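Trainee: So that you have it, the file is input_16.txt, and it contains compact mmCIF, N, CA and C atoms:
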```txt
# COMPACT_ATOMS: atom_id res chain seq x y z
N MET A 298 106.48 129.99 91.32
CA MET A 298 106.60 128.92 92.30
C MET A 298 105.24 128.27 92.52
N ARG A 299 105.23 126.95 92.57
CA ARG A 299 103.99 126.22 92.82
C ARG A 299 103.60 126.30 94.28
N ALA A 300 102.31 126.17 94.51
CA ALA A 300 101.80 126.17 95.89
C ALA A 300 102.30 124.92 96.60
N PRO A 301 102.50 125.01 97.90
CA PRO A 301 102.92 123.82 98.66
C PRO A 301 101.89 122.70 98.54
N ILE A 302 102.36 121.47 98.60
CA ILE A 302 101.49 120.29 98.58
C ILE A 302 100.92 120.09 99.98
N GLY A 303 99.61 119.96 100.05
CA GLY A 303 98.95 119.71 101.32
C GLY A 303 99.10 118.26 101.72
N ILE A 304 99.63 118.02 102.91
CA ILE A 304 99.89 116.67 103.41
C ILE A 304 98.98 116.36 104.59
N GLY A 305 98.42 115.16 104.57
CA GLY A 305 97.66 114.65 105.69
C GLY A 305 98.28 113.34 106.16
N PHE A 306 98.13 113.04 107.41
CA PHE A 306 98.66 111.79 107.96
C PHE A 306 97.51 110.91 108.38
N LEU A 307 97.65 109.62 108.07
CA LEU A 307 96.67 108.63 108.49
C LEU A 307 97.33 107.74 109.53
N SER A 308 97.42 108.26 110.72
CA SER A 308 97.93 107.60 111.92
C SER A 308 99.45 107.74 112.07
N PHE A 309 99.85 107.72 113.32
CA PHE A 309 101.26 107.76 113.70
C PHE A 309 101.66 106.49 114.44
N ALA A 310 100.95 105.39 114.18
CA ALA A 310 101.24 104.13 114.87
C ALA A 310 102.65 103.64 114.58
N HIS A 311 103.14 103.84 113.36
CA HIS A 311 104.56 103.59 113.07
C HIS A 311 105.29 104.79 113.66
N GLY A 312 106.01 104.59 114.74
CA GLY A 312 106.58 105.68 115.52
C GLY A 312 107.42 106.68 114.74
N HIS A 313 108.14 106.22 113.75
CA HIS A 313 109.01 107.12 113.00
C HIS A 313 108.24 108.08 112.10
N VAL A 314 106.96 107.86 111.88
CA VAL A 314 106.17 108.75 111.03
C VAL A 314 106.06 110.13 111.68
N SER A 315 106.06 110.17 113.00
CA SER A 315 106.04 111.48 113.67
C SER A 315 107.32 112.26 113.38
N VAL A 316 108.42 111.55 113.16
CA VAL A 316 109.67 112.22 112.80
C VAL A 316 109.55 112.84 111.41
N TYR A 317 108.86 112.14 110.49
CA TYR A 317 108.63 112.72 109.16
C TYR A 317 107.94 114.07 109.31
N ALA A 318 106.89 114.10 110.12
CA ALA A 318 106.14 115.35 110.31
C ALA A 318 107.03 116.42 110.91
N ASP A 319 107.84 116.05 111.88
CA ASP A 319 108.72 117.03 112.53
C ASP A 319 109.73 117.62 111.55
N VAL A 320 110.22 116.81 110.64
CA VAL A 320 111.17 117.30 109.63
C VAL A 320 110.43 118.09 108.55
N MET A 321 109.30 117.55 108.09
CA MET A 321 108.57 118.17 106.98
C MET A 321 107.99 119.54 107.34
N LYS A 322 107.75 119.80 108.60
CA LYS A 322 107.16 121.09 108.98
C LYS A 322 108.07 122.25 108.60
N HIS A 323 109.33 121.97 108.31
CA HIS A 323 110.27 123.01 107.92
C HIS A 323 110.41 123.14 106.40
N PHE A 324 109.78 122.25 105.64
CA PHE A 324 109.89 122.27 104.18
C PHE A 324 109.03 123.39 103.61
N GLY A 325 109.54 124.08 102.62
CA GLY A 325 108.77 125.14 101.97
C GLY A 325 107.80 124.64 100.93
N ASP A 326 107.98 123.42 100.45
CA ASP A 326 107.14 122.91 99.37
C ASP A 326 106.01 122.00 99.84
N VAL A 327 105.84 121.84 101.14
CA VAL A 327 104.71 121.09 101.68
C VAL A 327 104.06 121.90 102.80
N ARG A 328 102.79 121.59 103.01
CA ARG A 328 102.06 122.20 104.13
C ARG A 328 101.39 121.06 104.88
N LEU A 329 101.74 120.87 106.13
CA LEU A 329 101.12 119.85 106.96
C LEU A 329 99.75 120.37 107.38
N VAL A 330 98.70 119.72 106.88
CA VAL A 330 97.35 120.22 107.07
C VAL A 330 96.68 119.61 108.29
N ALA A 331 96.57 118.28 108.31
CA ALA A 331 95.81 117.64 109.38
C ALA A 331 96.22 116.17 109.46
N ALA A 332 95.85 115.55 110.59
CA ALA A 332 96.17 114.14 110.79
C ALA A 332 95.03 113.46 111.52
N TYR A 333 94.81 112.23 111.10
CA TYR A 333 93.88 111.32 111.78
C TYR A 333 94.71 110.33 112.58
N ASP A 334 94.23 109.99 113.74
CA ASP A 334 94.80 108.88 114.50
C ASP A 334 93.72 108.36 115.42
N ASP A 335 93.64 107.04 115.56
CA ASP A 335 92.64 106.48 116.46
C ASP A 335 93.06 106.58 117.92
N SER A 336 94.31 106.99 118.15
CA SER A 336 94.77 107.30 119.50
C SER A 336 94.84 108.83 119.61
N GLU A 337 93.89 109.40 120.32
CA GLU A 337 93.85 110.85 120.44
C GLU A 337 95.13 111.39 121.07
N GLU A 338 95.62 110.72 122.08
CA GLU A 338 96.83 111.19 122.77
C GLU A 338 98.01 111.24 121.79
N ARG A 339 98.20 110.17 121.04
CA ARG A 339 99.31 110.10 120.07
C ARG A 339 99.10 111.13 118.96
N GLY A 340 97.90 111.19 118.42
CA GLY A 340 97.62 112.11 117.32
C GLY A 340 97.75 113.56 117.71
N ARG A 341 97.14 113.93 118.81
CA ARG A 341 97.21 115.33 119.26
C ARG A 341 98.64 115.75 119.59
N GLY A 342 99.38 114.83 120.17
CA GLY A 342 100.76 115.18 120.53
C GLY A 342 101.58 115.57 119.31
N VAL A 343 101.50 114.78 118.26
CA VAL A 343 102.25 115.10 117.04
C VAL A 343 101.68 116.34 116.38
N CYS A 344 100.36 116.42 116.28
CA CYS A 344 99.74 117.57 115.62
C CYS A 344 100.08 118.87 116.33
N ASP A 345 100.02 118.87 117.64
CA ASP A 345 100.33 120.09 118.39
C ASP A 345 101.77 120.52 118.16
N SER A 346 102.69 119.57 118.08
CA SER A 346 104.10 119.93 117.91
C SER A 346 104.43 120.33 116.48
N CYS A 347 103.57 119.97 115.53
CA CYS A 347 103.86 120.26 114.11
C CYS A 347 102.89 121.24 113.48
N GLY A 348 101.98 121.78 114.26
CA GLY A 348 101.06 122.78 113.75
C GLY A 348 99.97 122.26 112.83
N MET A 349 99.57 121.00 113.04
CA MET A 349 98.49 120.41 112.25
C MET A 349 97.23 120.32 113.07
N ARG A 350 96.12 120.18 112.36
CA ARG A 350 94.83 119.93 113.02
C ARG A 350 94.71 118.44 113.24
N TYR A 351 94.28 118.03 114.42
CA TYR A 351 94.03 116.62 114.74
C TYR A 351 92.56 116.30 114.52
N THR A 352 92.27 115.10 114.03
CA THR A 352 90.90 114.62 113.94
C THR A 352 90.85 113.13 114.27
N PRO A 353 89.81 112.71 114.96
CA PRO A 353 89.63 111.27 115.22
C PRO A 353 88.87 110.58 114.09
N HIS A 354 88.60 111.31 112.99
CA HIS A 354 87.80 110.79 111.88
C HIS A 354 88.61 110.78 110.59
N VAL A 355 88.87 109.59 110.07
CA VAL A 355 89.67 109.45 108.85
C VAL A 355 89.03 110.21 107.69
N GLU A 356 87.70 110.28 107.66
CA GLU A 356 87.00 110.99 106.58
C GLU A 356 87.37 112.46 106.53
N ASP A 357 87.71 113.05 107.67
CA ASP A 357 88.10 114.46 107.68
C ASP A 357 89.37 114.70 106.86
N ILE A 358 90.22 113.70 106.80
CA ILE A 358 91.44 113.80 106.00
C ILE A 358 91.11 113.51 104.54
N LEU A 359 90.37 112.43 104.30
CA LEU A 359 90.08 112.01 102.93
C LEU A 359 89.20 113.00 102.19
N ASP A 360 88.32 113.71 102.89
CA ASP A 360 87.42 114.67 102.25
C ASP A 360 87.99 116.08 102.18
N ASN A 361 89.17 116.28 102.72
CA ASN A 361 89.76 117.62 102.78
C ASN A 361 90.41 117.98 101.45
N LYS A 362 89.87 119.00 100.79
CA LYS A 362 90.37 119.41 99.46
C LYS A 362 91.75 120.08 99.55
N ASP A 363 92.16 120.49 100.74
CA ASP A 363 93.49 121.10 100.91
C ASP A 363 94.60 120.06 101.03
N ILE A 364 94.22 118.78 101.08
CA ILE A 364 95.18 117.69 101.20
C ILE A 364 95.26 116.96 99.87
N GLN A 365 96.45 116.96 99.27
CA GLN A 365 96.66 116.26 98.00
C GLN A 365 97.33 114.90 98.20
N ALA A 366 98.01 114.71 99.31
CA ALA A 366 98.75 113.47 99.55
C ALA A 366 98.67 113.10 101.02
N VAL A 367 98.70 111.78 101.26
CA VAL A 367 98.67 111.29 102.64
C VAL A 367 99.86 110.37 102.90
N ILE A 368 100.24 110.34 104.15
CA ILE A 368 101.24 109.40 104.62
C ILE A 368 100.52 108.43 105.54
N VAL A 369 100.52 107.16 105.16
CA VAL A 369 99.83 106.13 105.93
C VAL A 369 100.84 105.52 106.91
N GLY A 370 100.64 105.81 108.19
CA GLY A 370 101.53 105.32 109.23
C GLY A 370 100.80 104.49 110.26
N SER A 371 99.68 103.93 109.87
CA SER A 371 98.87 103.11 110.78
C SER A 371 99.52 101.77 111.03
N GLU A 372 98.88 100.98 111.87
CA GLU A 372 99.29 99.60 112.04
C GLU A 372 99.25 98.93 110.66
N THR A 373 100.17 98.04 110.39
CA THR A 373 100.25 97.40 109.08
C THR A 373 98.94 96.71 108.72
N SER A 374 98.23 96.20 109.68
CA SER A 374 96.96 95.52 109.42
C SER A 374 95.92 96.45 108.81
N ARG A 375 96.13 97.76 108.88
CA ARG A 375 95.18 98.74 108.33
C ARG A 375 95.68 99.39 107.06
N HIS A 376 96.89 99.09 106.62
CA HIS A 376 97.45 99.74 105.44
C HIS A 376 96.53 99.62 104.22
N ALA A 377 96.10 98.41 103.90
CA ALA A 377 95.28 98.21 102.70
C ALA A 377 94.00 99.02 102.77
N GLU A 378 93.30 98.92 103.88
CA GLU A 378 92.04 99.65 104.07
C GLU A 378 92.23 101.15 103.86
N LEU A 379 93.24 101.72 104.50
CA LEU A 379 93.45 103.16 104.42
C LEU A 379 93.98 103.59 103.06
N CYS A 380 94.84 102.79 102.45
CA CYS A 380 95.37 103.14 101.13
C CYS A 380 94.28 103.09 100.07
N VAL A 381 93.44 102.07 100.12
CA VAL A 381 92.33 101.97 99.16
C VAL A 381 91.39 103.16 99.33
N ALA A 382 91.09 103.52 100.55
CA ALA A 382 90.22 104.68 100.81
C ALA A 382 90.87 105.98 100.35
N ALA A 383 92.15 106.12 100.59
CA ALA A 383 92.85 107.33 100.15
C ALA A 383 92.88 107.44 98.63
N ALA A 384 93.12 106.33 97.96
CA ALA A 384 93.12 106.34 96.50
C ALA A 384 91.74 106.73 95.98
N ALA A 385 90.69 106.15 96.57
CA ALA A 385 89.33 106.48 96.14
C ALA A 385 89.02 107.96 96.34
N ALA A 386 89.68 108.58 97.32
CA ALA A 386 89.50 110.01 97.58
C ALA A 386 90.41 110.87 96.71
N GLY A 387 91.22 110.23 95.87
CA GLY A 387 92.09 110.98 94.96
C GLY A 387 93.36 111.50 95.59
N LYS A 388 93.78 110.90 96.69
CA LYS A 388 95.00 111.33 97.38
C LYS A 388 96.19 110.48 96.93
N HIS A 389 97.32 111.13 96.69
CA HIS A 389 98.57 110.40 96.47
C HIS A 389 98.97 109.81 97.82
N ILE A 390 99.70 108.69 97.80
CA ILE A 390 99.91 107.92 99.03
C ILE A 390 101.36 107.52 99.21
N LEU A 391 101.89 107.78 100.40
CA LEU A 391 103.15 107.20 100.84
C LEU A 391 102.79 106.29 102.00
N CYS A 392 102.97 104.99 101.79
CA CYS A 392 102.61 103.99 102.79
C CYS A 392 103.88 103.46 103.45
N GLN A 393 103.82 103.30 104.74
CA GLN A 393 104.95 102.72 105.46
C GLN A 393 105.10 101.25 105.12
N LYS A 394 106.31 100.76 105.27
CA LYS A 394 106.55 99.34 105.05
C LYS A 394 106.19 98.58 106.32
N PRO A 395 105.88 97.34 106.25
CA PRO A 395 105.59 96.60 105.03
C PRO A 395 104.29 97.09 104.41
N MET A 396 104.19 96.90 103.12
CA MET A 396 103.02 97.40 102.39
C MET A 396 101.73 96.80 102.95
N ALA A 397 101.70 95.49 103.12
CA ALA A 397 100.53 94.80 103.66
C ALA A 397 100.96 93.40 104.08
N PHE A 398 100.04 92.67 104.68
CA PHE A 398 100.34 91.31 105.14
C PHE A 398 100.07 90.24 104.09
N SER A 399 99.38 90.59 103.01
CA SER A 399 99.08 89.58 101.98
C SER A 399 99.26 90.17 100.59
N LEU A 400 99.55 89.30 99.64
CA LEU A 400 99.65 89.74 98.26
C LEU A 400 98.31 90.26 97.75
N ASP A 401 97.23 89.65 98.19
CA ASP A 401 95.90 90.12 97.79
C ASP A 401 95.69 91.58 98.21
N ASP A 402 96.07 91.92 99.44
CA ASP A 402 95.95 93.30 99.90
C ASP A 402 96.85 94.23 99.09
N CYS A 403 98.06 93.79 98.81
CA CYS A 403 98.96 94.60 97.98
C CYS A 403 98.34 94.85 96.61
N ASP A 404 97.79 93.79 96.02
CA ASP A 404 97.15 93.93 94.71
C ASP A 404 95.97 94.90 94.77
N ARG A 405 95.17 94.83 95.84
CA ARG A 405 94.04 95.76 96.00
C ARG A 405 94.53 97.21 96.08
N MET A 406 95.60 97.42 96.79
CA MET A 406 96.16 98.77 96.94
C MET A 406 96.65 99.30 95.60
N ILE A 407 97.37 98.48 94.88
CA ILE A 407 97.91 98.88 93.58
C ILE A 407 96.79 99.16 92.60
N THR A 408 95.81 98.27 92.55
CA THR A 408 94.67 98.45 91.65
C THR A 408 93.91 99.73 91.97
N ALA A 409 93.68 99.98 93.24
CA ALA A 409 92.95 101.19 93.64
C ALA A 409 93.71 102.45 93.21
N ALA A 410 95.02 102.46 93.40
CA ALA A 410 95.82 103.62 93.00
C ALA A 410 95.82 103.78 91.49
N ASP A 411 95.99 102.69 90.77
CA ASP A 411 95.97 102.75 89.30
C ASP A 411 94.63 103.27 88.79
N GLN A 412 93.55 102.75 89.31
CA GLN A 412 92.22 103.18 88.87
C GLN A 412 91.95 104.64 89.19
N ALA A 413 92.49 105.12 90.30
CA ALA A 413 92.27 106.51 90.71
C ALA A 413 93.27 107.47 90.05
N GLY A 414 94.31 106.92 89.45
CA GLY A 414 95.33 107.78 88.83
C GLY A 414 96.19 108.52 89.84
N VAL A 415 96.41 107.89 91.00
CA VAL A 415 97.26 108.50 92.02
C VAL A 415 98.53 107.68 92.20
N VAL A 416 99.53 108.30 92.77
CA VAL A 416 100.79 107.62 93.04
C VAL A 416 100.69 106.90 94.38
N LEU A 417 101.10 105.64 94.37
CA LEU A 417 101.23 104.85 95.60
C LEU A 417 102.69 104.47 95.73
N ALA A 418 103.31 104.91 96.81
CA ALA A 418 104.72 104.59 97.06
C ALA A 418 104.84 103.98 98.43
N VAL A 419 105.87 103.15 98.62
CA VAL A 419 106.13 102.52 99.90
C VAL A 419 107.46 103.07 100.43
N ALA A 420 107.45 103.51 101.67
CA ALA A 420 108.64 104.13 102.28
C ALA A 420 109.59 103.06 102.80
N TYR A 421 110.81 103.14 102.33
CA TYR A 421 111.89 102.28 102.83
C TYR A 421 112.98 103.19 103.40
N GLN A 422 112.62 103.93 104.44
CA GLN A 422 113.50 104.94 104.99
C GLN A 422 114.79 104.37 105.56
N MET A 423 114.79 103.11 105.95
CA MET A 423 115.98 102.54 106.57
C MET A 423 117.14 102.40 105.57
N ARG A 424 116.85 102.48 104.30
CA ARG A 424 117.91 102.46 103.29
C ARG A 424 118.84 103.66 103.45
N HIS A 425 118.33 104.71 104.05
CA HIS A 425 119.09 105.95 104.18
C HIS A 425 119.61 106.19 105.59
N ASP A 426 119.39 105.23 106.46
CA ASP A 426 119.86 105.35 107.83
C ASP A 426 121.38 105.18 107.84
N PRO A 427 122.11 106.13 108.41
CA PRO A 427 123.58 106.07 108.39
C PRO A 427 124.16 104.76 108.94
N ALA A 428 123.58 104.23 110.01
CA ALA A 428 124.10 102.98 110.56
C ALA A 428 123.90 101.82 109.59
N ASN A 429 122.76 101.79 108.93
CA ASN A 429 122.51 100.73 107.96
C ASN A 429 123.42 100.85 106.74
N ILE A 430 123.65 102.06 106.31
CA ILE A 430 124.56 102.28 105.17
C ILE A 430 125.96 101.78 105.52
N LYS A 431 126.43 102.08 106.72
CA LYS A 431 127.75 101.63 107.15
C LYS A 431 127.82 100.11 107.23
N MET A 432 126.78 99.48 107.79
CA MET A 432 126.76 98.01 107.87
C MET A 432 126.82 97.40 106.47
N ARG A 433 126.10 97.96 105.55
CA ARG A 433 126.11 97.43 104.17
C ARG A 433 127.50 97.56 103.56
N GLU A 434 128.14 98.69 103.79
CA GLU A 434 129.49 98.91 103.27
C GLU A 434 130.46 97.86 103.83
N ILE A 435 130.36 97.59 105.12
CA ILE A 435 131.24 96.62 105.76
C ILE A 435 131.01 95.23 105.18
N VAL A 436 129.74 94.84 105.05
CA VAL A 436 129.44 93.52 104.51
C VAL A 436 129.94 93.41 103.07
N GLN A 437 129.70 94.42 102.26
CA GLN A 437 130.11 94.37 100.85
C GLN A 437 131.63 94.44 100.68
N SER A 438 132.32 95.00 101.66
CA SER A 438 133.77 95.11 101.54
C SER A 438 134.49 93.77 101.71
N GLY A 439 133.78 92.80 102.30
CA GLY A 439 134.41 91.50 102.56
C GLY A 439 135.19 91.47 103.85
N GLU A 440 135.14 92.57 104.60
CA GLU A 440 135.83 92.71 105.87
C GLU A 440 135.37 91.64 106.88
N LEU A 441 134.12 91.22 106.76
CA LEU A 441 133.58 90.20 107.66
C LEU A 441 133.46 88.86 106.93
N GLY A 442 133.59 87.80 107.67
CA GLY A 442 133.37 86.47 107.11
C GLY A 442 134.60 85.92 106.41
N PRO A 443 134.45 84.68 105.90
CA PRO A 443 135.61 84.03 105.24
C PRO A 443 135.91 84.60 103.87
```
If you took the structure in this file and wrote it as structure tokens, what would it be?

Mentor:
Amino acid sequence: MRAPIGIGFLSFAHGHVSVYADVMKHFGDVRLVAAYDDSEERGRGVCDSCGMRYTPHVEDILDNKDIQAVIVGSETSRHAELCVAAAAAGKHILCQKPMAFSLDDCDRMITAADQAGVVLAVAYQMRHDPANIKMREIVQSGELGP
């Protein structure tokens, strides 16, 4: 069996990212290591409930050799900055949607990940939300509209 993947979080500003941590803390194949957040109250709250170390310094996450992948849940305006830094640190990245506010920022993120040889993925968790799945089924069925 392979060792669990060390996960770090780069902010919980996207509120549902704390739910990821709450669910992932029960996974056997990941280990929640630490999280950065510029809001100490928000960061410590999630970290305390999920058994992670909190830090107010993003470098503590990026320089941590026990962390192989990060989840970027910051304000969208910071996605590019944090993803580029994470790629440069050799971390695989799951970024919350939207990816960024500009195509230039998206291109910078993709280029940084490609150059570093890390995976950059964007989370579209709402595709799996039961209410959204049901709405899609109803629309596709033709039940609504002319």

Trainee: Just the residues within 10 Å of Gly342 (chain A), please, counting only C-alpha atoms, with nothing from its chain fewer than 5 positions along; format it as a list in words.

Mentor: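 Contacts, with the query itself left out: Ser315, Ser336, Glu337, Cys347 and Tyr351 of chain A.
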
Trainee: Determine the nearest neighbour of Asp360 (chain A) from the options A:Leu441, A:Ala385, A:Cys392, A:Ala413, counting only C-alpha atoms.

Mentor: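 Residue with the minimum atom-to-atom distance to Asp360 (chain A): A:Ala385.
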
Trainee: If you run DSSP on the backbone here, which positions in region 300-344 of chain A get alpha helix (DSSP H)? Please write them as number ranges by chain.

Mentor: A: 314-321, 337-344

Trainee: Expressed in Å to a single decimal, how great is the separation between CA of Phe306 (chain A) and CA of Thr352 (chain A)?

Mentor: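 Spanning CA of Phe306 (chain A) to CA of Thr352 (chain A) is a straight-line distance of 10.2 Å.
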
Trainee: Measuring atom to atom with only C-alpha atoms, identify which of A:Gln412, A:Asn361, A:Ser308, A:Ser374 is nearest to Ser399 (chain A).

Mentor: A:Ser374

Trainee: Report the distance between atom C of Val355 (chain A) and atom C of Leu400 (chain A) in Å, rounded to one decimal place.

Mentor: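 Those two atoms sit 24.1 Å apart.
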
Trainee: One decimal, Å: what's the distance from atom N of Gln437 (chain A) over to atom N of Gly312 (chain A), could you say?

Mentor: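 Computed distance, atom N of Gln437 (chain A) to atom N of Gly312 (chain A), equals 28.6 Å.
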
Trainee: For His376 (chain A), please output as a list in words all residues within 6.5 Å (counting all atoms listed in the file; exclusion window: fewer than 4 positions along the same chain).

Mentor: Ser371, Glu372, Cys380, Val381, Met396 and Ala397 of chain A

Trainee: Tell me, which residues of region 324-436 of chain A carry DSSP strand (DSSP E or B), written as an NGL selection string?

Mentor: :A and (327-333 or 350-352 or 366-369 or 389-393 or 417-420)

Trainee: Pick from A:Met406, A:Val330, A:Ile364, A:Ile390: nearest to Ala377 (chain A), with only C-alpha atoms counted?

Mentor: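 Among the listed residues, the smallest separation from Ala377 (chain A) belongs to A:Met406.
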
Trainee: Between A:Leu391, A:Ile302, A:Val320, A:Ala382, single out the one closest to Val419 (chain A), counting only N, CA and C atoms.

Mentor: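 Looking only at the distances to Val419 (chain A), the closest residue turns out to be A:Leu391.
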
Trainee: So, with only C-alpha atoms as the atoms that count, which of A:Arg339, A:Lys322, A:Arg299, A:Lys388 lies closest to Lys362 (chain A)?

Mentor: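 Answer, going by the shortest atom-to-atom distance: A:Lys388.
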
Trainee: Set the distance at 6 Å and use all atoms listed in the file: which residues neighbour Asp334 (chain A) once local chain neighbours fewer than 5 positions away are removed? I'd like the list as an MDAnalysis selection string.

Mentor: chainID A and resid 307:309 340 352:354

Trainee: Given the choices A:Ala331, A:Ala418, A:Arg405, A:Val343, which gets closest to Gly305 (chain A) if the distance is worked out from all atoms listed in the file?

Mentor: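 Of A:Ala331, A:Ala418, A:Arg405, A:Val343, the one nearest Gly305 (chain A), counting all atoms listed in the file, is A:Ala331.
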
Trainee: Skipping near chain neighbours, those fewer than 3 positions away, what residues fall within 8 Å of Gly414 (chain A) using only N, CA and C atoms, listed as a PyMOL selection string?

Mentor: chain A and resi 384+387-389+408-411+417

Trainee: Using only N, CA and C atoms, which residues sit within 5 Å of Pro301 (chain A) once same-chain residues fewer than 6 positions away are excluded, as a list in words?

Mentor: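 Neighbouring residues, sequence-local ones excluded: Asp326, Val327 and Arg328 of chain A.
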
Trainee: With N, CA and C atoms retained, write the just-selected residues as a compact mmCIF listing (two decimals), in the frame of the given file.

Mentor:
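The file below, out-v5.txt, is the result:
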```
# COMPACT_ATOMS: atom_id res chain seq x y z
N ASP A 326 107.98 123.42 100.45
CA ASP A 326 107.14 122.91 99.37
C ASP A 326 106.01 122.00 99.84
N VAL A 327 105.84 121.84 101.14
CA VAL A 327 104.71 121.09 101.68
C VAL A 327 104.06 121.90 102.80
N ARG A 328 102.79 121.59 103.01
CA ARG A 328 102.06 122.20 104.13
C ARG A 328 101.39 121.06 104.88
```

Trainee: Please put the answer as JSON: centre and edge lengths, in Å with one decimal, of a box along x, y and z that encloses all listed atoms of region 366-380 of chain A plus 8 Å on each side.

Mentor:
```
{"center_x": 96.8, "center_y": 105.1, "center_z": 105.7, "size_x": 25.5, "size_y": 35.2, "size_z": 28.7}
```
